$ cat target20.cif   # mmCIF, C-alpha atoms and all ligand atoms
data_query
#
loop_
_atom_site.label_atom_id
_atom_site.label_comp_id
_atom_site.auth_asym_id
_atom_site.auth_seq_id
_atom_site.Cartn_x
_atom_site.Cartn_y
_atom_site.Cartn_z
CA MET O 1 123.97 149.79 111.55
CA LEU O 2 124.42 146.07 111.96
CA ASN O 3 127.53 145.49 114.02
CA LEU O 4 129.37 142.55 115.52
CA THR O 5 127.96 143.34 118.92
CA SER O 6 124.45 142.92 117.61
CA VAL O 7 125.26 139.76 115.74
CA VAL O 8 126.92 137.87 118.56
CA LEU O 9 124.88 139.36 121.36
CA PHE O 10 122.63 136.36 121.55
CA SER O 11 125.09 133.85 120.18
CA GLY O 12 124.91 130.41 121.69
CA VAL O 13 128.65 129.92 121.43
CA GLY O 14 129.27 130.55 125.09
CA VAL O 15 131.79 128.55 127.02
CA HIS O 16 129.76 127.64 130.06
CA VAL O 17 131.23 124.85 132.13
CA SER O 18 129.23 121.68 132.44
CA VAL O 19 129.23 120.03 135.83
CA GLY O 20 127.19 116.99 134.97
CA VAL O 21 125.22 116.01 131.88
CA ARG O 22 121.81 114.44 132.13
CA ALA O 23 120.10 112.45 129.49
CA ARG O 24 117.34 114.30 127.72
CA THR O 25 113.86 113.27 128.73
CA ALA O 26 110.56 114.16 127.16
CA ALA O 27 108.59 117.15 128.37
CA THR O 28 105.63 114.85 128.79
CA ALA O 29 107.08 113.06 131.79
CA SER O 30 105.30 115.12 134.46
CA PRO O 31 104.18 113.16 137.48
CA ALA O 32 100.52 112.34 137.83
CA ILE O 33 99.39 113.51 141.21
CA ASN O 34 97.71 111.34 143.80
CA ARG O 35 95.70 113.37 146.18
CA ALA O 36 93.94 111.82 149.13
CA THR O 37 90.23 112.67 149.44
CA PRO O 38 88.51 112.70 152.83
CA GLU O 39 87.26 109.19 152.00
CA GLY O 40 90.83 108.08 151.52
CA LYS O 41 90.41 107.65 147.73
CA LYS O 42 93.16 108.77 145.37
CA THR O 43 92.20 111.33 142.73
CA LEU O 44 94.20 112.80 139.90
CA ARG O 45 94.43 116.44 139.07
CA LYS O 46 96.30 118.46 136.50
CA GLY O 47 99.18 120.60 137.61
CA ASN O 48 98.62 124.35 137.40
CA VAL O 49 101.46 126.36 135.95
CA VAL O 50 101.54 130.14 135.50
CA VAL O 51 103.71 131.19 132.53
CA THR O 52 104.32 134.92 132.09
CA GLY O 53 104.69 136.22 128.54
CA ALA O 54 103.01 133.14 127.05
CA SER O 55 101.61 135.08 124.08
CA SER O 56 104.69 134.53 121.91
CA GLY O 57 108.11 132.96 121.55
CA LEU O 58 109.46 130.76 124.32
CA GLY O 59 106.47 131.30 126.62
CA LEU O 60 103.96 130.23 123.97
CA ALA O 61 106.03 127.21 122.92
CA THR O 62 106.33 126.14 126.57
CA ALA O 63 102.61 126.63 127.18
CA LYS O 64 101.87 124.51 124.12
CA ALA O 65 104.30 121.74 125.09
CA LEU O 66 102.76 121.53 128.57
CA ALA O 67 99.11 121.84 127.49
CA GLU O 68 99.54 119.08 124.92
CA THR O 69 100.53 116.58 127.60
CA GLY O 70 97.03 116.82 129.08
CA LYS O 71 98.67 116.91 132.51
CA TRP O 72 98.84 120.65 132.90
CA ASN O 73 96.51 123.60 133.03
CA VAL O 74 98.59 126.51 131.77
CA ILE O 75 97.70 129.94 133.07
CA MET O 76 98.98 132.23 130.34
CA ALA O 77 99.79 135.49 132.17
CA CYS O 78 99.88 138.06 129.36
CA ARG O 79 99.67 141.81 128.86
CA ASP O 80 97.60 141.45 125.67
CA PHE O 81 94.66 139.16 126.44
CA LEU O 82 93.37 138.88 122.87
CA LYS O 83 96.81 138.26 121.40
CA ALA O 84 97.31 135.41 123.88
CA GLU O 85 93.91 133.87 123.10
CA LYS O 86 94.61 134.04 119.36
CA ALA O 87 98.13 132.65 119.79
CA ALA O 88 96.86 129.71 121.85
CA LYS O 89 94.21 128.93 119.24
CA ALA O 90 96.62 129.28 116.34
CA ALA O 91 99.07 126.97 118.11
CA GLY O 92 96.29 124.38 118.42
CA MET O 93 96.45 124.25 122.22
CA PRO O 94 93.65 122.09 123.67
CA LYS O 95 91.24 124.64 125.16
CA ASP O 96 90.58 122.68 128.34
CA ASN O 97 94.25 122.93 129.20
CA TYR O 98 94.86 126.67 129.31
CA THR O 99 93.45 129.87 130.77
CA VAL O 100 94.49 133.40 129.80
CA MET O 101 94.81 135.99 132.58
CA HIS O 102 95.85 139.60 132.23
CA LEU O 103 99.23 140.61 133.62
CA ASN O 104 101.23 143.70 132.74
CA LEU O 105 104.61 143.45 134.42
CA ALA O 106 105.24 147.12 133.69
CA SER O 107 102.76 147.97 136.46
CA LEU O 108 103.08 146.74 140.03
CA GLU O 109 99.36 147.40 140.47
CA SER O 110 98.68 145.00 137.60
CA VAL O 111 100.94 142.39 139.25
CA ARG O 112 98.96 142.70 142.49
CA GLN O 113 95.69 142.52 140.57
CA PHE O 114 96.88 139.38 138.77
CA VAL O 115 97.64 137.73 142.10
CA LYS O 116 94.13 138.60 143.34
CA THR O 117 92.50 137.30 140.14
CA PHE O 118 94.51 134.11 140.28
CA ARG O 119 93.54 133.51 143.92
CA TYR O 120 89.92 134.30 143.15
CA SER O 121 89.97 131.51 140.53
CA GLY O 122 90.47 129.04 143.37
CA MET O 123 93.17 127.13 141.49
CA PRO O 124 96.14 125.89 143.46
CA LEU O 125 99.51 127.02 142.11
CA ASP O 126 102.08 124.30 141.48
CA VAL O 127 104.67 125.94 139.22
CA LEU O 128 105.46 129.57 138.36
CA VAL O 129 107.51 130.42 135.28
CA CYS O 130 108.84 134.00 135.07
CA ASN O 131 109.49 134.15 131.34
CA ALA O 132 108.29 137.50 129.93
CA ALA O 133 110.89 140.08 128.94
CA VAL O 134 111.54 143.18 126.93
CA TYR O 135 114.78 143.92 125.10
CA LEU O 136 115.31 147.48 123.87
CA PRO O 137 118.76 147.53 122.26
CA THR O 138 118.18 150.45 119.90
CA ALA O 139 116.46 152.81 122.36
CA SER O 140 118.37 156.06 122.67
CA GLU O 141 116.29 157.22 125.63
CA PRO O 142 114.94 155.18 128.52
CA THR O 143 111.26 154.37 128.86
CA TYR O 144 109.58 153.74 132.19
CA THR O 145 107.12 151.44 133.92
CA ALA O 146 104.00 152.81 135.64
CA GLU O 147 105.99 153.27 138.85
CA GLY O 148 108.81 155.03 137.01
CA PHE O 149 111.44 152.28 136.82
CA GLU O 150 113.55 151.91 133.68
CA MET O 151 111.51 149.51 131.50
CA SER O 152 113.88 146.52 131.00
CA VAL O 153 114.80 146.09 134.64
CA GLY O 154 111.30 147.17 135.70
CA VAL O 155 109.56 144.45 133.66
CA ASN O 156 112.14 141.66 133.52
CA HIS O 157 113.28 141.88 137.13
CA LEU O 158 111.12 144.07 139.42
CA GLY O 159 107.71 143.02 138.05
CA HIS O 160 108.71 139.36 138.27
CA PHE O 161 110.26 139.83 141.70
CA LEU O 162 106.97 141.12 143.13
CA LEU O 163 104.99 138.41 141.32
CA ALA O 164 107.26 135.63 142.57
CA ARG O 165 107.29 136.95 146.13
CA GLU O 166 103.50 137.17 146.23
CA LEU O 167 102.89 133.80 144.58
CA LEU O 168 105.43 132.07 146.81
CA GLU O 169 102.66 131.91 149.42
CA ASP O 170 100.45 130.05 146.95
CA LEU O 171 103.23 127.65 145.95
CA LYS O 172 103.85 126.87 149.61
CA THR O 173 100.29 125.69 150.10
CA SER O 174 100.14 123.53 146.97
CA ASP O 175 99.88 119.77 147.55
CA TYR O 176 101.59 118.99 144.24
CA PRO O 177 104.52 116.61 144.63
CA SER O 178 107.02 118.80 142.80
CA LYS O 179 106.56 122.55 143.24
CA ARG O 180 108.84 124.79 141.20
CA LEU O 181 109.61 128.46 140.64
CA ILE O 182 111.54 129.08 137.43
CA ILE O 183 113.06 132.38 136.30
CA VAL O 184 114.34 132.44 132.71
CA GLY O 185 117.96 133.61 132.55
CA SER O 186 120.33 134.17 129.67
CA ILE O 187 123.83 133.53 128.47
CA THR O 188 124.12 137.25 127.73
CA GLY O 189 124.18 138.13 131.43
CA ASN O 190 126.99 135.66 132.09
CA THR O 191 130.45 137.09 131.51
CA ASN O 192 132.02 133.61 131.76
CA THR O 193 130.84 133.06 128.16
CA LEU O 194 131.85 134.47 124.79
CA ALA O 195 128.37 135.95 124.23
CA GLY O 196 128.43 137.49 127.69
CA ASN O 197 131.68 139.25 126.85
CA VAL O 198 130.28 141.19 123.94
CA PRO O 199 130.02 144.86 124.92
CA PRO O 200 128.11 146.32 126.60
CA LYS O 201 128.72 143.68 129.27
CA ALA O 202 126.36 143.07 132.16
CA ASN O 203 127.62 144.74 135.32
CA LEU O 204 125.54 145.70 138.32
CA GLY O 205 128.39 147.65 139.88
CA ASP O 206 127.71 148.79 143.43
CA LEU O 207 123.94 148.92 142.73
CA ARG O 208 123.77 152.69 143.25
CA GLY O 209 121.26 153.19 140.39
CA LEU O 210 118.98 150.46 141.75
CA ALA O 211 119.21 152.00 145.20
CA GLY O 212 118.15 155.31 143.60
CA GLY O 213 115.03 153.78 141.99
CA LEU O 214 116.22 153.64 138.34
CA ASN O 215 114.33 156.73 137.40
CA GLY O 216 116.19 159.23 135.38
CA PRO O 217 116.55 162.93 136.03
CA ASN O 218 117.74 162.85 139.63
CA GLY O 219 119.27 159.40 139.55
CA SER O 220 120.51 156.92 136.97
CA THR O 221 118.25 154.61 134.97
CA MET O 222 120.93 151.90 135.11
CA ILE O 223 121.54 149.56 138.04
CA ASP O 224 125.24 150.47 138.18
CA GLY O 225 124.49 154.21 138.06
CA GLY O 226 125.87 154.64 134.52
CA ARG O 227 124.40 156.19 131.36
CA PHE O 228 121.34 154.56 129.81
CA ASP O 229 122.13 151.69 127.46
CA GLY O 230 119.18 149.51 126.43
CA ALA O 231 121.22 146.41 125.59
CA LYS O 232 123.08 146.58 128.91
CA ALA O 233 119.86 147.18 130.85
CA TYR O 234 118.50 143.89 129.42
CA LYS O 235 121.66 141.97 130.34
CA ASP O 236 121.68 143.51 133.84
CA SER O 237 118.04 142.47 134.27
CA LYS O 238 118.97 138.89 133.37
CA VAL O 239 121.75 138.92 135.99
CA CYS O 240 119.10 140.00 138.51
CA ASN O 241 116.86 137.13 137.35
CA MET O 242 119.63 134.58 137.91
CA LEU O 243 120.66 136.12 141.26
CA MET O 244 117.06 136.10 142.50
CA MET O 245 116.61 132.42 141.64
CA GLN O 246 119.58 131.62 143.89
CA GLU O 247 118.44 133.95 146.66
CA PHE O 248 114.99 132.31 146.63
CA HIS O 249 116.76 128.96 146.88
CA ARG O 250 118.87 130.05 149.86
CA ARG O 251 115.95 131.59 151.70
CA TYR O 252 113.14 129.15 150.98
CA HIS O 253 114.15 125.81 149.50
CA GLU O 254 114.88 123.95 152.71
CA ASP O 255 111.70 125.02 154.50
CA THR O 256 109.28 124.76 151.59
CA GLY O 257 110.67 122.02 149.34
CA ILE O 258 110.06 124.30 146.35
CA ALA O 259 112.69 123.85 143.63
CA PHE O 260 114.04 127.16 142.33
CA ALA O 261 115.68 127.07 138.90
CA SER O 262 116.89 129.24 136.06
CA LEU O 263 117.93 128.33 132.54
CA TYR O 264 119.39 129.42 129.26
CA PRO O 265 117.18 127.77 126.62
CA GLY O 266 119.55 128.43 123.68
CA CYS O 267 119.49 131.19 121.08
CA ILE O 268 115.90 131.38 119.81
CA ALA O 269 116.77 133.90 117.13
CA THR O 270 113.27 134.05 115.60
CA THR O 271 111.27 135.33 118.59
CA GLY O 272 109.66 138.72 119.11
CA LEU O 273 112.40 139.59 121.61
CA PHE O 274 114.29 141.14 118.71
CA ARG O 275 111.33 143.19 117.44
CA GLU O 276 112.94 146.49 118.44
CA HIS O 277 116.11 145.68 116.51
CA ILE O 278 116.85 147.11 113.07
CA PRO O 279 115.32 145.15 110.13
CA LEU O 280 118.70 144.03 108.76
CA PHE O 281 119.60 142.50 112.11
CA ARG O 282 116.30 140.63 112.22
CA LEU O 283 116.91 139.32 108.71
CA LEU O 284 120.47 138.12 109.27
CA PHE O 285 120.41 137.03 112.91
CA PRO O 286 118.57 133.67 112.47
CA PRO O 287 120.78 132.36 109.60
CA PHE O 288 123.87 133.64 111.41
CA GLN O 289 122.92 131.66 114.50
CA LYS O 290 121.94 128.59 112.45
CA TYR O 291 124.93 128.33 110.17
CA ILE O 292 127.79 130.26 111.78
CA THR O 293 127.56 129.98 115.56
CA LYS O 294 125.29 126.91 115.45
CA GLY O 295 123.74 128.19 118.67
CA PHE O 296 120.25 128.40 117.14
CA VAL O 297 117.31 126.55 118.64
CA SER O 298 113.78 126.62 117.30
CA GLU O 299 110.94 127.99 119.41
CA ASP O 300 109.49 124.46 119.62
CA GLU O 301 112.73 122.97 120.88
CA ALA O 302 113.28 125.79 123.39
CA GLY O 303 109.68 125.35 124.59
CA LYS O 304 110.32 121.65 125.19
CA ARG O 305 113.42 122.55 127.19
CA LEU O 306 111.58 124.95 129.47
CA ALA O 307 108.73 122.45 129.76
CA GLN O 308 111.29 119.92 131.03
CA VAL O 309 112.33 122.34 133.77
CA VAL O 310 108.64 122.65 134.68
CA SER O 311 107.74 118.99 134.70
CA ASP O 312 110.57 116.55 134.25
CA PRO O 313 111.04 114.38 137.35
CA SER O 314 114.82 114.37 136.83
CA LEU O 315 115.10 118.18 136.89
CA THR O 316 113.96 118.75 140.45
CA LYS O 317 117.25 119.96 141.90
CA SER O 318 116.97 123.44 143.39
CA GLY O 319 119.34 126.36 142.86
CA VAL O 320 120.36 125.18 139.38
CA TYR O 321 120.93 127.13 136.15
CA TRP O 322 120.06 124.63 133.41
CA SER O 323 121.49 124.58 129.91
CA TRP O 324 121.45 122.06 127.05
CA ASN O 325 124.34 120.70 125.03
CA LYS O 326 124.36 120.21 121.25
CA HIS O 327 122.63 116.85 121.66
CA SER O 328 119.83 118.61 123.59
CA ALA O 329 120.84 116.95 126.86
CA SER O 330 120.30 119.11 129.93
CA PHE O 331 123.16 119.91 132.28
CA GLU O 332 123.80 122.06 135.32
CA ASN O 333 125.65 125.08 134.05
CA GLN O 334 127.94 127.46 135.87
CA LEU O 335 127.01 131.11 136.32
CA SER O 336 129.46 133.99 136.06
CA GLU O 337 131.11 135.36 139.19
CA GLU O 338 128.71 138.28 139.37
CA ALA O 339 125.61 136.20 138.60
CA SER O 340 126.49 133.82 141.45
CA ASP O 341 127.66 136.37 144.04
CA PRO O 342 125.58 135.71 147.21
CA GLU O 343 126.29 139.12 148.73
CA LYS O 344 125.16 140.88 145.57
CA ALA O 345 122.07 138.66 145.46
CA ARG O 346 121.20 139.63 149.04
CA ARG O 347 121.57 143.34 148.29
CA VAL O 348 119.57 143.17 145.03
CA TRP O 349 116.86 141.32 146.96
CA GLU O 350 116.73 143.93 149.73
CA LEU O 351 116.80 146.95 147.41
CA SER O 352 114.16 145.36 145.15
CA GLU O 353 111.93 144.69 148.18
CA LYS O 354 111.96 148.41 148.92
CA LEU O 355 111.23 149.39 145.31
CA VAL O 356 108.23 147.08 144.96
CA GLY O 357 106.81 147.98 148.36
CA LEU O 358 107.60 144.78 150.25
CA ALA O 359 109.89 146.43 152.81
N1 LIG O 401 115.14 134.68 122.20
C1 LIG O 401 116.28 134.28 122.72
O1 LIG O 401 117.24 133.98 122.02
C2 LIG O 401 116.45 134.17 124.19
C3 LIG O 401 117.67 133.72 124.69
C4 LIG O 401 117.83 133.62 126.08
C5 LIG O 401 116.81 133.93 126.91
N2 LIG O 401 115.64 134.39 126.40
C6 LIG O 401 114.58 134.73 127.35
O2 LIG O 401 113.40 134.06 126.98
C7 LIG O 401 112.29 134.76 127.51
C8 LIG O 401 111.21 134.90 126.46
O3 LIG O 401 111.69 135.68 125.39
P1 LIG O 401 111.31 135.40 123.88
O4 LIG O 401 112.58 135.26 123.14
O5 LIG O 401 110.31 134.33 123.79
O6 LIG O 401 110.70 136.83 123.45
P2 LIG O 401 109.22 137.25 123.03
O7 LIG O 401 108.68 136.37 121.96
O8 LIG O 401 109.30 138.71 122.79
O9 LIG O 401 108.38 136.98 124.35
C9 LIG O 401 108.38 137.88 125.39
C10 LIG O 401 107.03 137.83 126.05
O10 LIG O 401 107.03 138.77 127.13
C11 LIG O 401 105.83 139.50 127.06
N3 LIG O 401 105.95 140.80 127.71
C12 LIG O 401 106.72 141.84 127.35
N4 LIG O 401 106.48 142.89 128.17
C13 LIG O 401 105.54 142.48 129.05
C14 LIG O 401 104.86 143.11 130.11
N5 LIG O 401 105.07 144.38 130.42
N6 LIG O 401 103.95 142.40 130.82
C15 LIG O 401 103.69 141.12 130.49
N7 LIG O 401 104.29 140.48 129.48
C16 LIG O 401 105.20 141.15 128.76
C17 LIG O 401 105.54 139.62 125.58
O11 LIG O 401 104.19 139.97 125.40
P3 LIG O 401 103.61 140.46 123.95
O12 LIG O 401 103.38 139.19 123.18
O13 LIG O 401 102.36 141.16 124.31
O14 LIG O 401 104.66 141.33 123.35
C18 LIG O 401 105.88 138.22 125.13
O15 LIG O 401 104.80 137.35 125.37
C19 LIG O 401 112.83 136.07 128.04
O16 LIG O 401 112.98 135.98 129.45
C20 LIG O 401 114.19 136.19 127.40
O17 LIG O 401 115.09 136.95 128.18
C21 LIG O 401 115.42 134.51 125.06
#

$ encode --input "target20.cif" --output "C-alpha cells"
Amino acid sequence: MLNLTSVVLFSGVGVHVSVGVRARTAATASPAINRATPEGKKTLRKGNVVVTGASSGLGLATAKALAETGKWNVIMACRDFLKAEKAAKAAGMPKDNYTVMHLNLASLESVRQFVKTFRYSGMPLDVLVCNAAVYLPTASEPTYTAEGFEMSVGVNHLGHFLLARELLEDLKTSDYPSKRLIIVGSITGNTNTLAGNVPPKANLGDLRGLAGGLNGPNGSTMIDGGRFDGAKAYKDSKVCNMLMMQEFHRRYHEDTGIAFASLYPGCIATTGLFREHIPLFRLLFPPFQKYITKGFVSEDEAGKRLAQVVSDPSLTKSGVYWSWNKHSASFENQLSEEASDPEKARRVWELSEKLVGLA
C-alpha cells in the first residue's frame, strides 16, 4: 500500500535552519596541487578520491562530475565490479580518471581487503566519500551482514565506520592541500525537519540494541532495542553517519587538518535507493517530489553538490552538515538534537569500535 509515510519519507520540504548561505561554486574548482620534488621542482598530480557505492545514483553522478574535471582520479569502491565498470562507461567517464575496486560493506573482511588493495595500489588517499547505502522499507524480517549485524546499520554505518577508521591513516599521510572525509547524511534522520518527523522516526534510544550487536534472536536488530522496522533502521543508520562525522571532527580535525563533513544532497527520487519499495511508490514518488514538495533534485545536480563538498575550496570547514537552498546555494545546516548530541556520538563510536573489532 502506498501511504503518506512512504510519500513524504524522502521529501525535501524539511525546515532545517540555515546559519549562513554561501554562493554556489562549480564542482570543477578543485585546487591543483603543487608538490615539491627532491630537485625543488613543482609537479602537479590529480587528487585521489574513494567514493563508495559509485555504481549508481548519487555516487555515480559524483564520480562522473569529479572525473570530468580531469583533476581527480576516482576510486569507485563498489560491491559489483562489472556493474560499476559498465556504469562508468555508460556515463562517459574518461577512463584515465577512474579505477574500480571491489568493496562489499556488508562484510568487514571485504572492508579490510579493500584497504589492503587500495594500499597495494600505491596511490595516496586525499578524500574519502562514504556514500553507499541500503534502504529496506518493505522488509518484514531483518537481513544480516556477514558478521551478523542488521543489514541497514551494518552497511550504512558499521561498514563505513571501519572503512573510515582504517583509511584515516592514509588520509593523514596525504600531501594534498585539502584532505576531506565525507559521510553522506539525510534529512530523514533529522527530526528537526518535516520529513524527519514522518513515522517511524529515527531514534537511537539508549543504544541497547547496538550494544547487543544488532543480531536478532537473543538481542534486538534495532539500535534502540525495539522491534525490527526497515525504514527506521535506515533513518537510525543515517543518524549514526551524521554523529560519526562530528565525532571524527572532534577527535581528529585539529591534529590532522582533515575536514570532516556530512550533507543532505536533496531528494534524488529516481535513484536505486528506492528499488525495494513497491512499484506504485516508485512510479509516483519522483513526480510527487518534483511537483508537490518541490524537493526533487536530479542525480546530476546532486552529484555536483557532493562533488563540491569533495573539491570546492570554499567548502573546507570541518564538522559541517551541508545542504543546498532552492537556488542551489550551499549552506551550513543544523542537525537535530539527537544527531548533534556529543555524548551519544561518543557512545556510538565506542560501541561501534567493539563491533568492528577496533577495541
Ligand atoms: N536518493 C535520495 O533521495 C537520497 C536522499 C538523501 C540521502 N541519500 C543518500 O545518498 C547515498 C546514495 O544513495 P542513492 O540514492 O544514490 O542510492 P543508490 O543509487 O541505491 O546507490 C547506493 C549505492 O550503494 C551501493 N551499495 C549498497 N550496498 C552495498 C554494499 N553492501 N557494499 C558496497 N556498496 C553497496 C549500491 O551498489 P549497487 O549498485 O551494487 O546496488 C549503490 O552503488 C546514500 O547514502 C543515501 O542514504 C539519498

$ closest_residue --input "target20.cif" --among "O:Ser107, O:Ser186, O:Thr173, O:Asn131" --to "Gln334 of chain O" --atoms "all atoms listed in the file"
O:Ser186

$ atom_distance --input "target20.cif" --atom1 "atom CA of Tyr144 of chain O" --atom2 "atom C18 of ligand LIG 401 (chain O)"
17.4 Å

$ residues_near_ligand --input "target20.cif" --ligand "ligand LIG 401 (chain O)" --cutoff "7 Å" --atoms "only C-alpha atoms and all ligand atoms" --output "PyMOL selection string"
chain O and resi 10+52-59+78-80+83+103-106+131-134+155+184-187+238+264-274

$ write_last_selection --input "target20.cif" --atoms "C-alpha atoms" --output "short mmCIF file (atom, residue, chain, number, x, y, z; two decimals), in the coordinates of the input"
data_model
loop_
_atom_site.label_atom_id
_atom_site.label_comp_id
_atom_site.auth_asym_id
_atom_site.auth_seq_id
_atom_site.Cartn_x
_atom_site.Cartn_y
_atom_site.Cartn_z
CA PHE O 10 122.63 136.36 121.55
CA THR O 52 104.32 134.92 132.09
CA GLY O 53 104.69 136.22 128.54
CA ALA O 54 103.01 133.14 127.05
CA SER O 55 101.61 135.08 124.08
CA SER O 56 104.69 134.53 121.91
CA GLY O 57 108.11 132.96 121.55
CA LEU O 58 109.46 130.76 124.32
CA GLY O 59 106.47 131.30 126.62
CA CYS O 78 99.88 138.06 129.36
CA ARG O 79 99.67 141.81 128.86
CA ASP O 80 97.60 141.45 125.67
CA LYS O 83 96.81 138.26 121.40
CA LEU O 103 99.23 140.61 133.62
CA ASN O 104 101.23 143.70 132.74
CA LEU O 105 104.61 143.45 134.42
CA ALA O 106 105.24 147.12 133.69
CA ASN O 131 109.49 134.15 131.34
CA ALA O 132 108.29 137.50 129.93
CA ALA O 133 110.89 140.08 128.94
CA VAL O 134 111.54 143.18 126.93
CA VAL O 155 109.56 144.45 133.66
CA VAL O 184 114.34 132.44 132.71
CA GLY O 185 117.96 133.61 132.55
CA SER O 186 120.33 134.17 129.67
CA ILE O 187 123.83 133.53 128.47
CA LYS O 238 118.97 138.89 133.37
CA TYR O 264 119.39 129.42 129.26
CA PRO O 265 117.18 127.77 126.62
CA GLY O 266 119.55 128.43 123.68
CA CYS O 267 119.49 131.19 121.08
CA ILE O 268 115.90 131.38 119.81
CA ALA O 269 116.77 133.90 117.13
CA THR O 270 113.27 134.05 115.60
CA THR O 271 111.27 135.33 118.59
CA GLY O 272 109.66 138.72 119.11
CA LEU O 273 112.40 139.59 121.61
CA PHE O 274 114.29 141.14 118.71
#

$ residues_around --input "target20.cif" --residues "Thr62 of chain O" --least-positions-apart "5" --cutoff "9 Å" --atoms "all atoms listed in the file" --output "PyMOL selection string"
chain O and resi 51+54+57+67+299-300+302-307

$ closest_residue --input "target20.cif" --among "O:Ile258, O:Val111, O:Leu60, O:Leu204" --to "Leu181 of chain O" --atoms "all atoms listed in the file"
O:Ile258

$ atom_distance --input "target20.cif" --atom1 "atom CA of Phe149 of chain O" --atom2 "atom CA of Met242 of chain O"
19.5 Å

$ atom_distance --input "target20.cif" --atom1 "atom CA of Glu150 of chain O" --atom2 "atom CA of Leu210 of chain O"
9.8 Å

$ residues_around --input "target20.cif" --residues "segment 213-219 of chain O" --least-positions-apart "4" --cutoff "12 Å" --atoms "only C-alpha atoms" --output "PyMOL selection string"
chain O and resi 141-154+158+207-209+223-228+233+348+351-357

$ closest_residue --input "target20.cif" --among "O:Ala84, O:Pro94, O:Pro124, O:Leu66" --to "Arg45 of chain O" --atoms "only C-alpha atoms"
O:Pro124

$ closest_residue --input "target20.cif" --among "O:His327, O:His253, O:His160, O:Lys95" --to "Phe114 of chain O" --atoms "all atoms listed in the file"
O:His160
